[in-house]
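Undergrad: Structure file input00.pdb (PDB, C-alpha atoms) is given on the next line.
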ATOM      1  CA  MET A 599      85.067 153.361 100.679  1.00  0.00           C
ATOM      2  CA  LYS A 600      87.284 151.644 103.203  1.00  0.00           C
ATOM      3  CA  ASP A 601      89.005 154.015 105.611  1.00  0.00           C
ATOM      4  CA  ASN A 602      92.762 154.168 105.450  1.00  0.00           C
ATOM      5  CA  LEU A 603      94.464 153.470 108.794  1.00  0.00           C
ATOM      6  CA  ASP A 604      96.674 156.564 108.534  1.00  0.00           C
ATOM      7  CA  ASN A 605      93.614 158.733 107.888  1.00  0.00           C
ATOM      8  CA  VAL A 606      91.625 157.453 110.869  1.00  0.00           C
ATOM      9  CA  ILE A 607      94.653 157.726 113.148  1.00  0.00           C
ATOM     10  CA  SER A 608      95.094 161.357 112.063  1.00  0.00           C
ATOM     11  CA  GLU A 609      91.388 162.019 112.583  1.00  0.00           C
ATOM     12  CA  LEU A 610      91.453 160.457 116.058  1.00  0.00           C
ATOM     13  CA  VAL A 611      94.484 162.500 117.110  1.00  0.00           C
ATOM     14  CA  ARG A 612      92.851 165.685 115.781  1.00  0.00           C
ATOM     15  CA  LEU A 613      89.492 165.027 117.459  1.00  0.00           C
ATOM     16  CA  SER A 614      91.134 164.143 120.768  1.00  0.00           C
ATOM     17  CA  GLY A 615      93.142 167.366 120.745  1.00  0.00           C
ATOM     18  CA  ASN A 616      96.093 164.982 121.074  1.00  0.00           C
ATOM     19  CA  GLU A 617      94.979 164.352 124.667  1.00  0.00           C
ATOM     20  CA  ARG A 618      96.856 161.361 126.037  1.00  0.00           C
ATOM     21  CA  ASN A 619      96.981 159.365 129.243  1.00  0.00           C
ATOM     22  CA  ASN A 620     100.132 159.442 131.344  1.00  0.00           C
ATOM     23  CA  LEU A 621     101.762 156.382 129.764  1.00  0.00           C
ATOM     24  CA  PRO A 622     104.374 156.779 127.053  1.00  0.00           C
ATOM     25  CA  SER A 623     103.585 155.204 123.699  1.00  0.00           C
ATOM     26  CA  PRO A 624     105.019 151.700 123.484  1.00  0.00           C
ATOM     27  CA  ASP A 625     108.096 151.197 121.333  1.00  0.00           C
ATOM     28  CA  ASP A 626     108.960 148.163 119.194  1.00  0.00           C
ATOM     29  CA  ASN A 627     110.897 146.502 122.041  1.00  0.00           C
ATOM     30  CA  LEU A 628     107.973 146.733 124.460  1.00  0.00           C
ATOM     31  CA  ILE A 629     105.520 145.517 121.823  1.00  0.00           C
ATOM     32  CA  THR A 630     107.795 142.558 121.045  1.00  0.00           C
ATOM     33  CA  GLN A 631     107.949 141.718 124.760  1.00  0.00           C
ATOM     34  CA  TYR A 632     104.152 141.737 124.912  1.00  0.00           C
ATOM     35  CA  GLU A 633     104.021 139.433 121.902  1.00  0.00           C
ATOM     36  CA  LYS A 634     106.247 136.978 123.778  1.00  0.00           C
ATOM     37  CA  ASP A 635     104.267 137.349 127.002  1.00  0.00           C
ATOM     38  CA  THR A 636     100.867 136.869 125.355  1.00  0.00           C
ATOM     39  CA  GLY A 637     101.811 134.315 122.702  1.00  0.00           C
ATOM     40  CA  PHE A 638     100.302 136.493 119.955  1.00  0.00           C
ATOM     41  CA  THR A 639     102.019 138.013 116.944  1.00  0.00           C
ATOM     42  CA  PHE A 640     100.676 141.539 116.572  1.00  0.00           C
ATOM     43  CA  SER A 641      99.828 142.632 113.042  1.00  0.00           C
ATOM     44  CA  ALA A 642     101.635 145.586 111.478  1.00  0.00           C
ATOM     45  CA  ASP A 643      98.399 147.592 111.750  1.00  0.00           C
ATOM     46  CA  TYR A 644      97.982 146.840 115.467  1.00  0.00           C
ATOM     47  CA  ARG A 645     101.634 147.710 116.139  1.00  0.00           C
ATOM     48  CA  LYS A 646     101.131 151.020 114.291  1.00  0.00           C
ATOM     49  CA  VAL A 647      97.973 151.805 116.260  1.00  0.00           C
ATOM     50  CA  LEU A 648      99.697 150.991 119.559  1.00  0.00           C
ATOM     51  CA  LYS A 649     102.661 153.234 118.769  1.00  0.00           C
ATOM     52  CA  GLU A 650     100.678 156.166 117.371  1.00  0.00           C
ATOM     53  CA  VAL A 651      97.444 156.241 119.405  1.00  0.00           C
ATOM     54  CA  GLY A 652      97.908 153.579 122.095  1.00  0.00           C
ATOM     55  CA  ASN A 653      97.799 156.254 124.773  1.00  0.00           C
ATOM     56  CA  VAL A 654      95.254 158.615 123.184  1.00  0.00           C
ATOM     57  CA  PHE A 655      92.280 159.449 125.342  1.00  0.00           C
ATOM     58  CA  TYR A 656      89.107 160.227 123.420  1.00  0.00           C
ATOM     59  CA  GLY A 657      85.533 159.784 124.587  1.00  0.00           C
ATOM     60  CA  THR A 658      84.928 156.579 126.495  1.00  0.00           C
ATOM     61  CA  ILE A 659      87.251 154.361 124.451  1.00  0.00           C
ATOM     62  CA  GLU A 660      90.842 153.639 125.368  1.00  0.00           C
ATOM     63  CA  LEU A 661      93.042 150.829 124.105  1.00  0.00           C
ATOM     64  CA  LEU A 662      94.366 148.302 126.574  1.00  0.00           C
ATOM     65  CA  SER A 663      97.759 149.574 127.642  1.00  0.00           C
ATOM     66  CA  LEU A 664     101.263 148.215 127.261  1.00  0.00           C
ATOM     67  CA  SER A 665     103.624 149.264 130.025  1.00  0.00           C
ATOM     68  CA  LYS A 666     107.028 148.203 131.260  1.00  0.00           C
ATOM     69  CA  ASP A 667     105.858 147.482 134.816  1.00  0.00           C
ATOM     70  CA  LYS A 668     102.494 145.997 133.716  1.00  0.00           C
ATOM     71  CA  LYS A 669     100.732 147.662 136.664  1.00  0.00           C
ATOM     72  CA  TYR A 670      98.688 150.320 134.867  1.00  0.00           C
ATOM     73  CA  TYR A 671      94.876 150.136 134.924  1.00  0.00           C
ATOM     74  CA  GLY A 672      93.622 148.569 131.709  1.00  0.00           C
ATOM     75  CA  GLU A 673      96.863 146.700 131.064  1.00  0.00           C
ATOM     76  CA  LEU A 674      96.705 144.173 128.211  1.00  0.00           C
ATOM     77  CA  ILE A 675      98.012 141.037 129.937  1.00  0.00           C
ATOM     78  CA  SER A 676      95.756 141.486 132.975  1.00  0.00           C
ATOM     79  CA  ALA A 677      92.779 142.011 130.678  1.00  0.00           C
ATOM     80  CA  LEU A 678      93.712 138.935 128.644  1.00  0.00           C
ATOM     81  CA  VAL A 679      93.858 136.778 131.782  1.00  0.00           C
ATOM     82  CA  ASP A 680      90.552 138.176 133.087  1.00  0.00           C
ATOM     83  CA  ALA A 681      88.800 137.745 129.735  1.00  0.00           C
ATOM     84  CA  ARG A 682      90.015 134.170 129.317  1.00  0.00           C
ATOM     85  CA  GLU A 683      88.784 133.324 132.809  1.00  0.00           C
ATOM     86  CA  GLN A 684      85.367 134.533 131.645  1.00  0.00           C
ATOM     87  CA  GLY A 685      85.471 132.395 128.484  1.00  0.00           C
ATOM     88  CA  LEU A 686      87.143 134.515 125.811  1.00  0.00           C
ATOM     89  CA  PRO A 687      88.294 132.277 122.941  1.00  0.00           C
ATOM     90  CA  GLU A 688      92.021 131.483 123.253  1.00  0.00           C
ATOM     91  CA  SER A 689      92.713 132.745 119.730  1.00  0.00           C
ATOM     92  CA  TRP A 690      91.210 136.202 120.312  1.00  0.00           C
ATOM     93  CA  LEU A 691      93.362 139.091 121.540  1.00  0.00           C
ATOM     94  CA  PRO A 692      91.501 141.785 123.490  1.00  0.00           C
ATOM     95  CA  ILE A 693      92.474 145.315 122.481  1.00  0.00           C
ATOM     96  CA  CYS A 694      89.892 147.361 124.389  1.00  0.00           C
ATOM     97  CA  GLU A 695      87.744 146.692 127.457  1.00  0.00           C
ATOM     98  CA  ASP A 696      84.209 148.082 127.521  1.00  0.00           C
ATOM     99  CA  ASN A 697      82.272 147.592 130.779  1.00  0.00           C
ATOM    100  CA  GLY A 698      83.439 144.005 131.215  1.00  0.00           C
ATOM    101  CA  SER A 699      83.157 143.174 127.521  1.00  0.00           C
ATOM    102  CA  TYR A 700      85.997 143.305 125.018  1.00  0.00           C
ATOM    103  CA  TYR A 701      86.829 144.349 121.495  1.00  0.00           C
ATOM    104  CA  CYS A 702      89.229 141.709 120.185  1.00  0.00           C
ATOM    105  CA  ILE A 703      91.307 140.845 117.154  1.00  0.00           C
ATOM    106  CA  ASP A 704      90.512 137.363 115.870  1.00  0.00           C
ATOM    107  CA  PRO A 705      93.022 135.200 113.938  1.00  0.00           C
ATOM    108  CA  GLU A 706      91.869 136.665 110.598  1.00  0.00           C
ATOM    109  CA  GLY A 707      92.423 140.263 111.783  1.00  0.00           C
ATOM    110  CA  VAL A 708      88.698 140.971 112.130  1.00  0.00           C
ATOM    111  CA  ILE A 709      87.756 143.064 115.159  1.00  0.00           C
ATOM    112  CA  ARG A 710      85.058 141.243 117.139  1.00  0.00           C
ATOM    113  CA  TYR A 711      83.001 142.311 120.126  1.00  0.00           C
ATOM    114  CA  TRP A 712      82.913 139.701 122.874  1.00  0.00           C
ATOM    115  CA  THR A 713      80.768 139.780 125.976  1.00  0.00           C
ATOM    116  CA  THR A 714      80.538 137.429 128.935  1.00  0.00           C
ATOM    117  CA  ASP A 715      76.948 136.752 127.829  1.00  0.00           C
ATOM    118  CA  GLY A 716      78.423 135.016 124.779  1.00  0.00           C
ATOM    119  CA  TYR A 717      79.400 135.897 121.270  1.00  0.00           C
ATOM    120  CA  SER A 718      78.109 139.003 119.606  1.00  0.00           C
ATOM    121  CA  ASN A 719      77.651 139.451 115.887  1.00  0.00           C
ATOM    122  CA  ASP A 720      79.265 142.896 116.061  1.00  0.00           C
ATOM    123  CA  GLN A 721      82.424 142.922 113.986  1.00  0.00           C
ATOM    124  CA  TRP A 722      84.576 145.219 111.867  1.00  0.00           C
ATOM    125  CA  THR A 723      86.729 144.148 108.944  1.00  0.00           C
ATOM    126  CA  ASP A 724      89.895 145.800 110.256  1.00  0.00           C
ATOM    127  CA  LEU A 725      91.337 148.200 112.812  1.00  0.00           C
ATOM    128  CA  ALA A 726      90.712 151.267 110.640  1.00  0.00           C
ATOM    129  CA  SER A 727      86.991 150.434 110.420  1.00  0.00           C
ATOM    130  CA  TRP A 728      86.791 149.780 114.172  1.00  0.00           C
ATOM    131  CA  ILE A 729      88.575 153.025 115.050  1.00  0.00           C
ATOM    132  CA  LYS A 730      86.268 154.996 112.752  1.00  0.00           C
ATOM    133  CA  GLU A 731      82.981 153.329 113.727  1.00  0.00           C
ATOM    134  CA  VAL A 732      83.502 152.646 117.433  1.00  0.00           C
ATOM    135  CA  TRP A 733      86.189 154.979 118.758  1.00  0.00           C
ATOM    136  CA  ILE A 734      85.426 158.058 116.644  1.00  0.00           C
ATOM    137  CA  LYS A 735      81.752 157.856 115.694  1.00  0.00           C
ATOM    138  CA  GLY A 736      80.714 155.998 118.843  1.00  0.00           C
ATOM    139  CA  ASN A 737      81.870 158.825 121.107  1.00  0.00           C
TER     140      ASN A 737
END
Please express the file's structure as structure tokens.

TA:
Amino acid sequence: MKDNLDNVISELVRLSGNERNNLPSPDDNLITQYEKDTGFTFSADYRKVLKEVGNVFYGTIELLSLSKDKKYYGELISALVDAREQGLPESWLPICEDNGSYYCIDPEGVIRYWTTDGYSNDQWTDLASWIKEVWIKGN
């Protein structure tokens, strides 16, 4: 059975003990600014994840951050620039960096793993599946 996004978000918050990094969760205005700055339209699911667990710290996985000053380590725009310089497809949006490789949302909303060595076959049908399989079970 496919995991519901609300359920995996709740599970992640519970497992993390609601431990968060020092950045505030992004609001709709900041997310909209990032959409303009990156040229991507963020899906409703990605916006929800950013607002509810975008600053949750659990295991070794942390989402790329959205911040007003764009100077925080692991910031989305910096990661996007770095990944594109290494060959990331223009239509893929990185959401999480993992030792120089990236988990990305492709144009169909599938979460894909991309590495500088080339494409990987690792993929998840949606954010809920990725959160459950990679962020929760992978830690």

Undergrad: Could you list, as a list in words, every residue matched by the PyMOL selection byres ((chain A and resi 602) around 12) in this structure?

TA: Met599, Lys600, Asp601, Leu603, Asp604, Asn605, Val606, Ile607, Ser608, Glu609, Asp643, Asp724, Leu725, Ala726, Ser727, Trp728, Ile729 and Lys730 of chain A

Undergrad: Which value, in Å to one decimal, gives the distance between atom CA of Ile734 of chain A and atom CA of Ser614 of chain A?

TA: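 Atom-to-atom, atom CA of Ile734 of chain A and atom CA of Ser614 of chain A are spaced 9.3 Å apart.
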
Undergrad: Which neighbours of Tyr701 of chain A fall inside 12 Å, counting all atoms listed in the file, when residues of the same chain fewer than 6 positions from it are skipped, and could you give them as an MDAnalysis selection string?

TA: chainID A and resid 659:662 674 677:678 681 686 690:695 707:714 717:722 724:725 728:729 732:733

Undergrad: Measuring atom to atom with only C-alpha atoms, identify which of A:Pro624, A:Tyr656, A:Leu610, A:Glu683 is nearest to Tyr644 of chain A.

TA: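 Closest to Tyr644 of chain A, using only C-alpha atoms: A:Pro624.
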
Undergrad: Would you compute, for all listed atoms of segment 630-636 of chain A, the axis-aligned bounding box grown by 5 Å on each side, and then report its centre and edge lengths in Å rounded to one decimal, as lines of an AutoDock Vina configuration file?

TA:
center_x = 104.4
center_y = 139.7
center_z = 124.0
size_x = 17.1
size_y = 15.7
size_z = 16.0

Undergrad: Neighbouring residues of Ser641 of chain A were defined as those with any atom within 10 Å, considering only C-alpha atoms; residues of the same chain fewer than 5 positions away were excluded. Please report them as a PyMOL selection string.

TA: chain A and resi 646-647+703+707

Undergrad: For the residues in the current selection, export C-alpha atoms as a PDB file, in the coordinates of the input.

TA:
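Dumped everything to again-v6.pdb:
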ATOM      1  CA  LYS A 646     101.131 151.020 114.291  1.00  0.00           C
ATOM      2  CA  VAL A 647      97.973 151.805 116.260  1.00  0.00           C
ATOM      3  CA  ILE A 703      91.307 140.845 117.154  1.00  0.00           C
ATOM      4  CA  GLY A 707      92.423 140.263 111.783  1.00  0.00           C
TER       5      GLY A 707
END

Undergrad: Pick out the closest residue to Thr636 of chain A from this set: A:Asn697, A:Ser676, A:Gln684, A:Ser665. Count all atoms listed in the file.

TA: A:Ser676

Undergrad: By how many Å are atom CA of Arg612 of chain A and atom CA of Leu628 of chain A apart?

TA: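 Separation of atom CA of Arg612 of chain A and atom CA of Leu628 of chain A: 25.8 Å.
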
Undergrad: Using all atoms listed in the file, give me every residue within 12 Å of (99.2, 148.7, 133.2) in file coordinates, as a PyMOL selection string.

TA: chain A and resi 619-622+624+632+653+661-677

Undergrad: Rounded to one decimal in Å, what is the spacing between atom CA of Ser623 of chain A and atom CA of Lys649 of chain A?

TA: 5.4 Å

Undergrad: Counting all atoms listed in the file, which residue out of A:Gly698, A:Thr630, A:Val611, A:Phe638 sits closest to Gly652 of chain A?

TA: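 That would be A:Val611, the residue with the smallest distance to Gly652 of chain A.
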
Undergrad: Between A:Asn627, A:Asp696, A:Cys702, A:Glu633, single out the one closest to Arg682 of chain A, counting all atoms listed in the file.

TA: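 Under the stated criterion, the closest residue is A:Cys702.
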